[in-house]
$ cat run_15.csv   # CSV, C-alpha atoms and all ligand atoms
chain,number,residue,atom,x,y,z
A,196,MET,CA,313.1,238.9,187.4
A,197,PHE,CA,312.1,239.1,183.8
A,198,THR,CA,309.5,241.1,182.2
A,199,LEU,CA,307.0,240.5,179.4
A,200,ASP,CA,309.5,242.3,177.1
A,201,LEU,CA,311.6,239.1,177.1
A,202,PHE,CA,308.9,237.4,175.1
A,203,ALA,CA,308.6,240.0,172.4
A,204,GLU,CA,310.9,238.2,170.1
A,205,LEU,CA,309.6,234.7,170.8
A,206,PRO,CA,307.1,233.0,168.5
A,207,ARG,CA,303.5,234.0,169.5
A,208,SER,CA,302.8,230.3,169.8
A,209,ALA,CA,305.6,227.8,169.0
A,210,ASP,CA,305.2,226.0,165.7
A,211,GLU,CA,301.8,227.3,164.8
A,212,ARG,CA,300.9,226.2,161.3
A,213,ARG,CA,297.6,227.5,159.8
A,214,GLN,CA,296.4,225.8,156.6
A,215,LEU,CA,295.1,228.4,154.2
A,216,GLY,CA,294.3,226.0,151.4
A,217,PRO,CA,295.1,222.4,150.2
A,218,GLY,CA,298.7,223.6,149.3
A,219,ALA,CA,299.0,226.8,151.3
A,220,TRP,CA,300.3,227.3,154.8
A,221,LEU,CA,300.9,230.2,157.2
A,222,LEU,CA,303.9,229.3,159.4
A,223,GLU,CA,303.7,231.7,162.2
A,224,GLY,CA,307.0,233.0,163.5
A,225,PHE,CA,308.9,230.4,161.4
A,226,ALA,CA,311.7,233.0,160.4
A,227,LEU,CA,311.9,234.8,163.8
A,228,ALA,CA,315.2,233.2,164.9
A,229,GLN,CA,316.9,234.3,161.6
A,230,ALA,CA,315.2,237.7,161.3
A,231,VAL,CA,318.2,239.8,162.4
A,232,ALA,CA,320.5,238.0,160.0
A,233,ILE,CA,318.0,238.2,157.1
A,234,VAL,CA,317.6,242.0,157.6
A,235,GLU,CA,321.4,242.4,157.6
A,236,ALA,CA,321.7,240.4,154.4
A,237,VAL,CA,318.9,242.4,152.8
A,238,ARG,CA,320.9,245.6,153.5
A,239,SER,CA,323.9,244.2,151.7
A,240,VAL,CA,321.8,243.1,148.7
A,241,GLU,CA,320.3,246.7,148.6
A,242,ALA,CA,323.8,248.2,148.7
A,243,ARG,CA,324.6,246.4,145.4
A,244,SER,CA,321.2,246.3,143.7
A,245,PRO,CA,319.2,249.2,145.2
A,246,LEU,CA,315.5,249.0,145.9
A,247,ARG,CA,313.5,250.7,143.1
A,248,HIS,CA,309.9,251.4,142.2
A,249,LEU,CA,309.3,249.4,139.0
A,250,VAL,CA,306.9,250.5,136.2
A,251,THR,CA,304.2,248.1,135.2
A,252,PRO,CA,303.5,247.3,131.5
A,253,GLY,CA,300.3,249.4,132.0
A,254,GLY,CA,302.5,252.5,132.9
A,255,TYR,CA,301.8,252.5,136.7
A,256,THR,CA,304.7,253.0,139.1
A,257,MET,CA,304.5,250.4,141.9
A,258,SER,CA,304.2,251.7,145.5
A,259,VAL,CA,306.3,248.7,146.7
A,260,ALA,CA,310.1,249.1,146.1
A,261,MET,CA,311.8,245.9,144.8
A,262,THR,CA,315.2,244.3,144.3
A,263,ASN,CA,316.3,240.7,144.0
A,264,CYS,CA,319.0,238.2,144.8
A,265,GLY,CA,319.7,234.9,143.3
A,266,ARG,CA,320.5,233.6,139.8
A,267,LEU,CA,317.3,235.3,138.4
A,268,GLY,CA,315.4,238.4,139.5
A,269,TRP,CA,311.9,239.5,138.7
A,270,THR,CA,311.6,242.9,137.0
A,271,SER,CA,309.0,244.9,135.1
A,272,ASP,CA,308.9,247.8,132.7
A,273,LEU,CA,306.7,249.1,129.9
A,274,ARG,CA,307.6,246.0,127.8
A,275,GLY,CA,306.3,243.5,130.4
A,276,TYR,CA,307.1,241.4,133.4
A,277,ARG,CA,310.0,239.0,133.2
A,278,TYR,CA,312.9,237.3,135.0
A,279,ALA,CA,316.4,238.5,134.2
A,280,THR,CA,319.9,237.4,135.1
A,281,HIS,CA,321.1,241.0,135.4
A,282,ASP,CA,319.9,244.0,137.3
A,283,PRO,CA,318.7,246.4,134.6
A,284,LEU,CA,319.6,249.3,136.9
A,285,THR,CA,323.2,248.4,137.4
A,286,GLY,CA,323.9,246.1,134.4
A,287,GLN,CA,325.4,243.6,136.9
A,288,PRO,CA,324.2,240.1,137.8
A,289,TRP,CA,321.9,240.2,140.8
A,290,PRO,CA,323.7,239.6,144.1
A,291,SER,CA,323.9,235.9,144.9
A,292,MET,CA,321.4,234.3,147.2
A,293,PRO,CA,322.9,233.9,150.7
A,294,GLU,CA,323.0,230.3,151.8
A,295,ALA,CA,321.0,231.1,154.9
A,296,PHE,CA,318.2,232.3,152.7
A,297,VAL,CA,318.2,229.0,150.7
A,298,GLU,CA,318.2,227.0,154.0
A,299,LEU,CA,315.3,229.0,155.4
A,300,ALA,CA,313.2,228.7,152.3
A,301,GLN,CA,313.9,224.9,152.0
A,302,ALA,CA,313.0,224.4,155.7
A,303,ALA,CA,309.7,226.3,155.3
A,304,ALA,CA,308.9,224.4,152.2
A,305,VAL,CA,309.4,221.1,154.0
A,306,ALA,CA,307.3,222.3,156.9
A,307,ALA,CA,304.5,222.9,154.4
A,308,GLY,CA,304.9,219.5,152.8
A,309,PHE,CA,307.0,220.5,149.8
A,310,ALA,CA,310.3,218.6,149.6
A,311,ALA,CA,313.4,219.5,147.5
A,312,PHE,CA,312.6,223.2,146.9
A,313,GLU,CA,315.5,224.7,145.1
A,314,PRO,CA,314.8,228.5,144.7
A,315,ASP,CA,316.7,230.3,141.9
A,316,ALA,CA,315.1,233.7,142.6
A,317,CYS,CA,314.4,235.8,145.7
A,318,LEU,CA,312.3,238.9,145.1
A,319,ILE,CA,312.7,241.5,147.9
A,320,ASN,CA,309.7,243.8,148.5
A,321,ALA,CA,310.0,246.9,150.7
A,322,TYR,CA,306.7,248.6,151.8
A,323,GLU,CA,306.7,252.1,153.3
A,324,PRO,CA,303.4,253.1,155.0
A,325,GLY,CA,300.7,253.2,152.4
A,326,ALA,CA,302.4,250.9,149.9
A,327,ARG,CA,300.3,248.0,148.7
A,328,LEU,CA,300.3,245.2,146.2
A,329,SER,CA,297.1,244.8,144.1
A,330,LEU,CA,295.6,241.5,143.5
A,331,HIS,CA,297.7,239.4,141.1
A,332,GLN,CA,298.8,235.8,140.2
A,333,ASP,CA,302.4,234.7,140.3
A,334,LYS,CA,302.7,233.2,136.9
A,335,ASP,CA,305.9,234.4,135.3
A,336,GLU,CA,307.7,231.3,136.5
A,337,GLN,CA,308.2,228.4,134.1
A,338,ASP,CA,308.2,225.8,137.0
A,339,LEU,CA,304.7,226.0,138.5
A,340,ALA,CA,305.3,222.7,140.3
A,341,ALA,CA,307.5,224.3,142.8
A,342,PRO,CA,305.9,226.3,145.7
A,343,ILE,CA,306.5,229.9,146.6
A,344,VAL,CA,307.9,230.7,150.0
A,345,SER,CA,307.2,234.2,151.3
A,346,VAL,CA,308.9,235.7,154.4
A,347,SER,CA,307.4,238.7,156.2
A,348,LEU,CA,309.6,241.0,158.3
A,349,GLY,CA,309.1,244.3,160.1
A,350,LEU,CA,305.8,246.1,160.1
A,351,PRO,CA,302.7,243.9,160.0
A,352,ALA,CA,300.5,243.7,156.9
A,353,VAL,CA,297.2,242.1,155.8
A,354,PHE,CA,297.6,239.4,153.2
A,355,MET,CA,294.7,239.1,150.8
A,356,PHE,CA,294.2,235.6,149.6
A,357,GLY,CA,291.7,235.1,146.8
A,358,GLY,CA,291.0,232.1,144.6
A,359,ALA,CA,291.6,230.9,141.0
A,360,GLU,CA,289.6,233.8,139.5
A,361,ARG,CA,290.1,237.5,139.9
A,362,ASN,CA,286.6,237.8,141.4
A,363,SER,CA,286.8,234.8,143.7
A,364,PRO,CA,286.1,235.6,147.4
A,365,ILE,CA,289.1,237.0,149.3
A,366,ALA,CA,290.2,236.0,152.7
A,367,ARG,CA,292.4,238.4,154.8
A,368,TYR,CA,295.2,237.1,157.0
A,369,PRO,CA,297.3,239.3,159.3
A,370,LEU,CA,301.1,238.7,158.7
A,371,GLN,CA,303.5,239.5,161.5
A,372,HIS,CA,307.2,239.9,161.7
A,373,GLY,CA,308.7,236.4,161.2
A,374,ASP,CA,305.7,234.8,159.6
A,375,VAL,CA,306.2,232.6,156.5
A,376,VAL,CA,303.6,231.8,153.9
A,377,VAL,CA,304.2,228.8,151.7
A,378,TRP,CA,301.9,227.9,148.8
A,379,GLY,CA,302.0,225.5,145.9
A,380,GLY,CA,300.2,222.6,144.4
A,381,GLU,CA,296.6,223.4,143.5
A,382,ASP,CA,296.9,226.8,145.3
A,383,ARG,CA,299.9,227.9,143.2
A,384,LEU,CA,298.0,230.3,140.9
A,385,ARG,CA,295.6,231.8,143.5
A,386,TYR,CA,295.1,235.6,143.3
A,387,HIS,CA,296.7,237.5,146.2
A,388,GLY,CA,297.8,240.9,147.3
A,389,VAL,CA,298.8,243.1,150.2
A,390,ALA,CA,296.5,245.8,151.8
A,391,PRO,CA,298.1,249.2,152.3
A,392,VAL,CA,300.7,249.0,155.1
A,393,LYS,CA,299.9,251.1,158.1
A,394,ALA,CA,302.5,253.5,159.5
A,395,GLY,CA,304.5,252.2,162.5
A,396,GLU,CA,308.0,251.6,163.8
A,397,HIS,CA,309.6,248.2,164.0
A,398,PRO,CA,312.8,247.7,166.0
A,399,LEU,CA,314.5,245.8,163.2
A,400,THR,CA,313.2,247.5,160.0
A,401,GLY,CA,312.1,251.0,161.2
A,402,SER,CA,309.2,252.4,159.2
A,403,ARG,CA,309.0,249.6,156.6
A,404,ARG,CA,307.8,246.1,156.0
A,405,LEU,CA,310.1,243.7,154.1
A,406,ASN,CA,308.9,240.6,152.2
A,407,LEU,CA,311.1,238.0,150.6
A,408,THR,CA,309.5,235.7,148.1
A,409,PHE,CA,311.5,232.7,147.0
A,410,ARG,CA,310.6,231.1,143.7
A,411,LYS,CA,311.9,228.4,141.4
A,412,VAL,CA,311.6,230.0,138.0
A,413,LEU,CA,313.4,227.5,135.7
A,501,LIG,C1,304.1,240.3,149.9
A,501,LIG,N1,303.8,238.6,148.3
A,501,LIG,O1,303.7,239.6,150.8
A,501,LIG,C2,303.8,240.0,148.5
A,501,LIG,N2,303.3,236.0,146.0
A,501,LIG,O2,304.7,241.4,150.2
A,501,LIG,C3,303.4,238.1,147.2
A,501,LIG,O3,303.0,238.6,146.2
A,501,LIG,C4,303.4,236.6,147.2
A,501,LIG,O4,303.6,236.5,149.6
A,501,LIG,C5,303.3,234.7,146.0
A,501,LIG,C6,303.4,233.9,147.1
A,501,LIG,C7,303.5,234.5,148.3
A,501,LIG,C8,303.5,235.9,148.4
A,502,FE,FE,302.7,237.4,144.5
$ encode --input "run_15.csv" --output "structure tokens"
Amino acid sequence: MFTLDLFAELPRSADERRQLGPGAWLLEGFALAQAVAIVEAVRSVEARSPLRHLVTPGGYTMSVAMTNCGRLGWTSDLRGYRYATHDPLTGQPWPSMPEAFVELAQAAAVAAGFAAFEPDACLINAYEPGARLSLHQDKDEQDLAAPIVSVSLGLPAVFMFGGAERNSPIARYPLQHGDVVVWGGEDRLRYHGVAPVKAGEHPLTGSRRLNLTFRKVL
């Protein structure tokens, strides 16, 4: 006999793709099969380049904790946002991007219609309950032709997806463990954010939500 628990780690609906815009897709459960390995790899990245709360150029400390892997990492301080080859906290190069990350990001890009995605940066975001990401555009990358691939793990969150202008209407999409969002093309510069994460417990990540965003910067 099996119980419903056996289904807990299966995709809610196999291969569910929701189109969020002309170049934006929500691939439900796309990363579920690799979730355990990804969380393990995040722990080893964290061990070398710890999660930290960055300060924005405006002087605010972000509620989301961040680190990176890959040739380039996104960072921020009072002087501005930028990509750097070295972790400013350790002075060392960012940990390299695990091959399994590259393969997952490429497969998700293909599933969303973007061939030949070669990410050179993976920003890792960790949300404790209450952490949020205010509305922003991802525009620090030189290569705006490449899409962004965003993997959600652990606690669920609500993704806020706006438009080309800061005051465009905002759609809200729940993101679950294993979901992947891919966007590019004419959606590449849409405003977006993450609503405050609600407290909870996830068997893989405990009290936090993890998000990996893969970008091609150069
Ligand atoms: C997050 N994601 O989901 C934050 N940016 O934790 C982002 O800011 C993001 O998910 C660009 C593309 C996809 C994203
Ligand atoms: Fe973003």
$ residues_near_point --input "run_15.csv" --point "(306.6, 248.7, 129.0)" --cutoff "10 Å" --atoms "all atoms listed in the file" --output "mmCIF file with C-alpha atoms, in the frame of the given file"
data_model
loop_
_atom_site.group_PDB
_atom_site.id
_atom_site.type_symbol
_atom_site.label_atom_id
_atom_site.label_comp_id
_atom_site.auth_asym_id
_atom_site.auth_seq_id
_atom_site.Cartn_x
_atom_site.Cartn_y
_atom_site.Cartn_z
ATOM 1 C CA VAL A 250 306.900 250.500 136.200
ATOM 2 C CA THR A 251 304.200 248.100 135.200
ATOM 3 C CA PRO A 252 303.500 247.300 131.500
ATOM 4 C CA GLY A 253 300.300 249.400 132.000
ATOM 5 C CA GLY A 254 302.500 252.500 132.900
ATOM 6 C CA TYR A 255 301.800 252.500 136.700
ATOM 7 C CA SER A 271 309.000 244.900 135.100
ATOM 8 C CA ASP A 272 308.900 247.800 132.700
ATOM 9 C CA LEU A 273 306.700 249.100 129.900
ATOM 10 C CA ARG A 274 307.600 246.000 127.800
ATOM 11 C CA GLY A 275 306.300 243.500 130.400
ATOM 12 C CA TYR A 276 307.100 241.400 133.400
#
$ residues_around --input "run_15.csv" --residues "stretch 294-304 of chain A" --least-positions-apart "5" --cutoff "8 Å" --atoms "only C-alpha atoms" --output "ChimeraX atom specification"
/A:222,225-226,233,309-314,342,344,375,377,409
$ residues_around --input "run_15.csv" --residues "A:Leu267" --least-positions-apart "6" --cutoff "7 Å" --atoms "all atoms listed in the file" --output "short mmCIF file (atom, residue, chain, number, x, y, z; two decimals) with C-alpha atoms, in the frame of the given file"
data_model
loop_
_atom_site.label_atom_id
_atom_site.label_comp_id
_atom_site.auth_asym_id
_atom_site.auth_seq_id
_atom_site.Cartn_x
_atom_site.Cartn_y
_atom_site.Cartn_z
CA TYR A 278 312.90 237.30 135.00
CA ALA A 279 316.40 238.50 134.20
CA THR A 280 319.90 237.40 135.10
CA ASP A 315 316.70 230.30 141.90
CA ALA A 316 315.10 233.70 142.60
#
$ atom_distance --input "run_15.csv" --atom1 "atom CA of A:Arg361" --atom2 "atom CA of A:Arg383"
14.1 Å
$ closest_residue --input "run_15.csv" --among "A:Ala326, A:Ala341, A:Leu318, A:Val237" --to "ligand FE 502 (chain A)" --atoms "all atoms listed in the file"
A:Leu318
$ residues_near_ligand --input "run_15.csv" --ligand "ligand FE 502 (chain A)" --cutoff "9 Å" --atoms "all atoms listed in the file" --output "VMD selection string"
chain A and resid 328 330 to 334 343 345 386 to 389 408
$ atom_distance --input "run_15.csv" --atom1 "atom CA of A:Ser363" --atom2 "atom CA of A:Leu339"
20.6 Å
$ atom_distance --input "run_15.csv" --atom1 "atom CA of A:Val376" --atom2 "atom CA of A:Ala219"
7.3 Å
$ closest_residue --input "run_15.csv" --among "A:Ala228, A:Leu221, A:Leu284, A:Leu246" --to "ligand LIG 501 (chain A)" --atoms "only C-alpha atoms and all ligand atoms"
A:Leu221
$ closest_residue --input "run_15.csv" --among "A:Ser347, A:Asn263, A:Thr400, A:Gln371" --to "ligand LIG 501 (chain A)" --atoms "all atoms listed in the file"
A:Ser347
$ residues_around --input "run_15.csv" --residues "A:Leu413" --least-positions-apart "2" --cutoff "7 Å" --atoms "only C-alpha atoms" --output "ChimeraX atom specification"
/A:336-338,411
$ decode --input "run_15.csv" --residues "stretch 350-385 of chain A" --atoms "N, CA and C atoms" --output "short mmCIF file (atom, residue, chain, number, x, y, z; two decimals), in the first residue's frame"
data_model
loop_
_atom_site.label_atom_id
_atom_site.label_comp_id
_atom_site.auth_asym_id
_atom_site.auth_seq_id
_atom_site.Cartn_x
_atom_site.Cartn_y
_atom_site.Cartn_z
N LEU A 350 10.71 26.96 1.05
CA LEU A 350 9.43 27.61 1.35
C LEU A 350 8.86 28.29 0.10
N PRO A 351 7.54 28.30 -0.02
CA PRO A 351 6.91 28.97 -1.17
C PRO A 351 7.01 30.49 -1.05
N ALA A 352 6.74 31.16 -2.16
CA ALA A 352 6.75 32.62 -2.16
C ALA A 352 5.78 33.10 -3.22
N VAL A 353 5.47 34.38 -3.16
CA VAL A 353 4.64 34.99 -4.19
C VAL A 353 5.53 35.89 -5.03
N PHE A 354 5.59 35.58 -6.32
CA PHE A 354 6.39 36.34 -7.27
C PHE A 354 5.53 37.45 -7.84
N MET A 355 6.02 38.66 -7.76
CA MET A 355 5.29 39.81 -8.29
C MET A 355 5.89 40.16 -9.65
N PHE A 356 5.05 40.15 -10.67
CA PHE A 356 5.54 40.33 -12.03
C PHE A 356 4.85 41.53 -12.65
N GLY A 357 5.59 42.60 -12.77
CA GLY A 357 5.04 43.83 -13.31
C GLY A 357 5.31 43.96 -14.80
N GLY A 358 5.44 45.17 -15.24
CA GLY A 358 5.64 45.42 -16.66
C GLY A 358 6.89 46.23 -16.91
N ALA A 359 6.89 46.95 -18.02
CA ALA A 359 8.06 47.70 -18.44
C ALA A 359 8.28 48.95 -17.59
N GLU A 360 7.22 49.43 -16.96
CA GLU A 360 7.32 50.64 -16.13
C GLU A 360 7.12 50.26 -14.68
N ARG A 361 7.71 51.05 -13.78
CA ARG A 361 7.58 50.76 -12.35
C ARG A 361 6.11 50.74 -11.91
N ASN A 362 5.28 51.58 -12.56
CA ASN A 362 3.87 51.64 -12.14
C ASN A 362 2.95 50.79 -13.02
N SER A 363 3.52 49.89 -13.83
CA SER A 363 2.68 48.96 -14.61
C SER A 363 1.92 48.05 -13.64
N PRO A 364 0.76 47.52 -14.08
CA PRO A 364 0.03 46.57 -13.22
C PRO A 364 0.89 45.37 -12.88
N ILE A 365 0.66 44.80 -11.69
CA ILE A 365 1.49 43.71 -11.19
C ILE A 365 0.66 42.44 -11.04
N ALA A 366 1.13 41.37 -11.69
CA ALA A 366 0.50 40.05 -11.51
C ALA A 366 1.23 39.33 -10.38
N ARG A 367 0.53 38.46 -9.68
CA ARG A 367 1.14 37.70 -8.58
C ARG A 367 1.04 36.21 -8.85
N TYR A 368 2.19 35.52 -8.81
CA TYR A 368 2.22 34.08 -9.07
C TYR A 368 2.84 33.37 -7.89
N PRO A 369 2.15 32.35 -7.35
CA PRO A 369 2.78 31.56 -6.29
C PRO A 369 3.90 30.71 -6.87
N LEU A 370 5.04 30.69 -6.19
CA LEU A 370 6.16 29.84 -6.60
C LEU A 370 6.38 28.78 -5.54
N GLN A 371 6.42 27.52 -5.98
CA GLN A 371 6.61 26.40 -5.06
C GLN A 371 8.00 25.82 -5.24
N HIS A 372 8.38 25.02 -4.26
CA HIS A 372 9.62 24.25 -4.31
C HIS A 372 9.74 23.53 -5.66
N GLY A 373 10.84 23.77 -6.36
CA GLY A 373 11.07 23.09 -7.63
C GLY A 373 10.62 23.85 -8.85
N ASP A 374 9.91 24.95 -8.66
CA ASP A 374 9.46 25.73 -9.82
C ASP A 374 10.62 26.51 -10.44
N VAL A 375 10.56 26.70 -11.74
CA VAL A 375 11.57 27.48 -12.45
C VAL A 375 10.86 28.54 -13.29
N VAL A 376 11.33 29.77 -13.18
CA VAL A 376 10.81 30.84 -14.04
C VAL A 376 11.92 31.20 -15.03
N VAL A 377 11.55 31.31 -16.29
CA VAL A 377 12.50 31.73 -17.33
C VAL A 377 11.92 32.94 -18.01
N TRP A 378 12.74 33.98 -18.15
CA TRP A 378 12.23 35.09 -18.95
C TRP A 378 13.32 35.77 -19.73
N GLY A 379 12.92 36.26 -20.88
CA GLY A 379 13.87 36.93 -21.75
C GLY A 379 13.11 37.63 -22.84
N GLY A 380 13.83 37.90 -23.93
CA GLY A 380 13.18 38.55 -25.06
C GLY A 380 12.55 39.87 -24.64
N GLU A 381 11.34 40.09 -25.07
CA GLU A 381 10.72 41.38 -24.77
C GLU A 381 10.27 41.51 -23.32
N ASP A 382 10.35 40.40 -22.55
CA ASP A 382 10.01 40.47 -21.12
C ASP A 382 11.24 40.69 -20.24
N ARG A 383 12.42 40.74 -20.85
CA ARG A 383 13.68 40.70 -20.09
C ARG A 383 13.80 41.81 -19.04
N LEU A 384 13.24 42.97 -19.33
CA LEU A 384 13.42 44.11 -18.41
C LEU A 384 12.17 44.42 -17.59
N ARG A 385 11.27 43.45 -17.49
CA ARG A 385 10.06 43.71 -16.70
C ARG A 385 10.39 43.84 -15.22
#
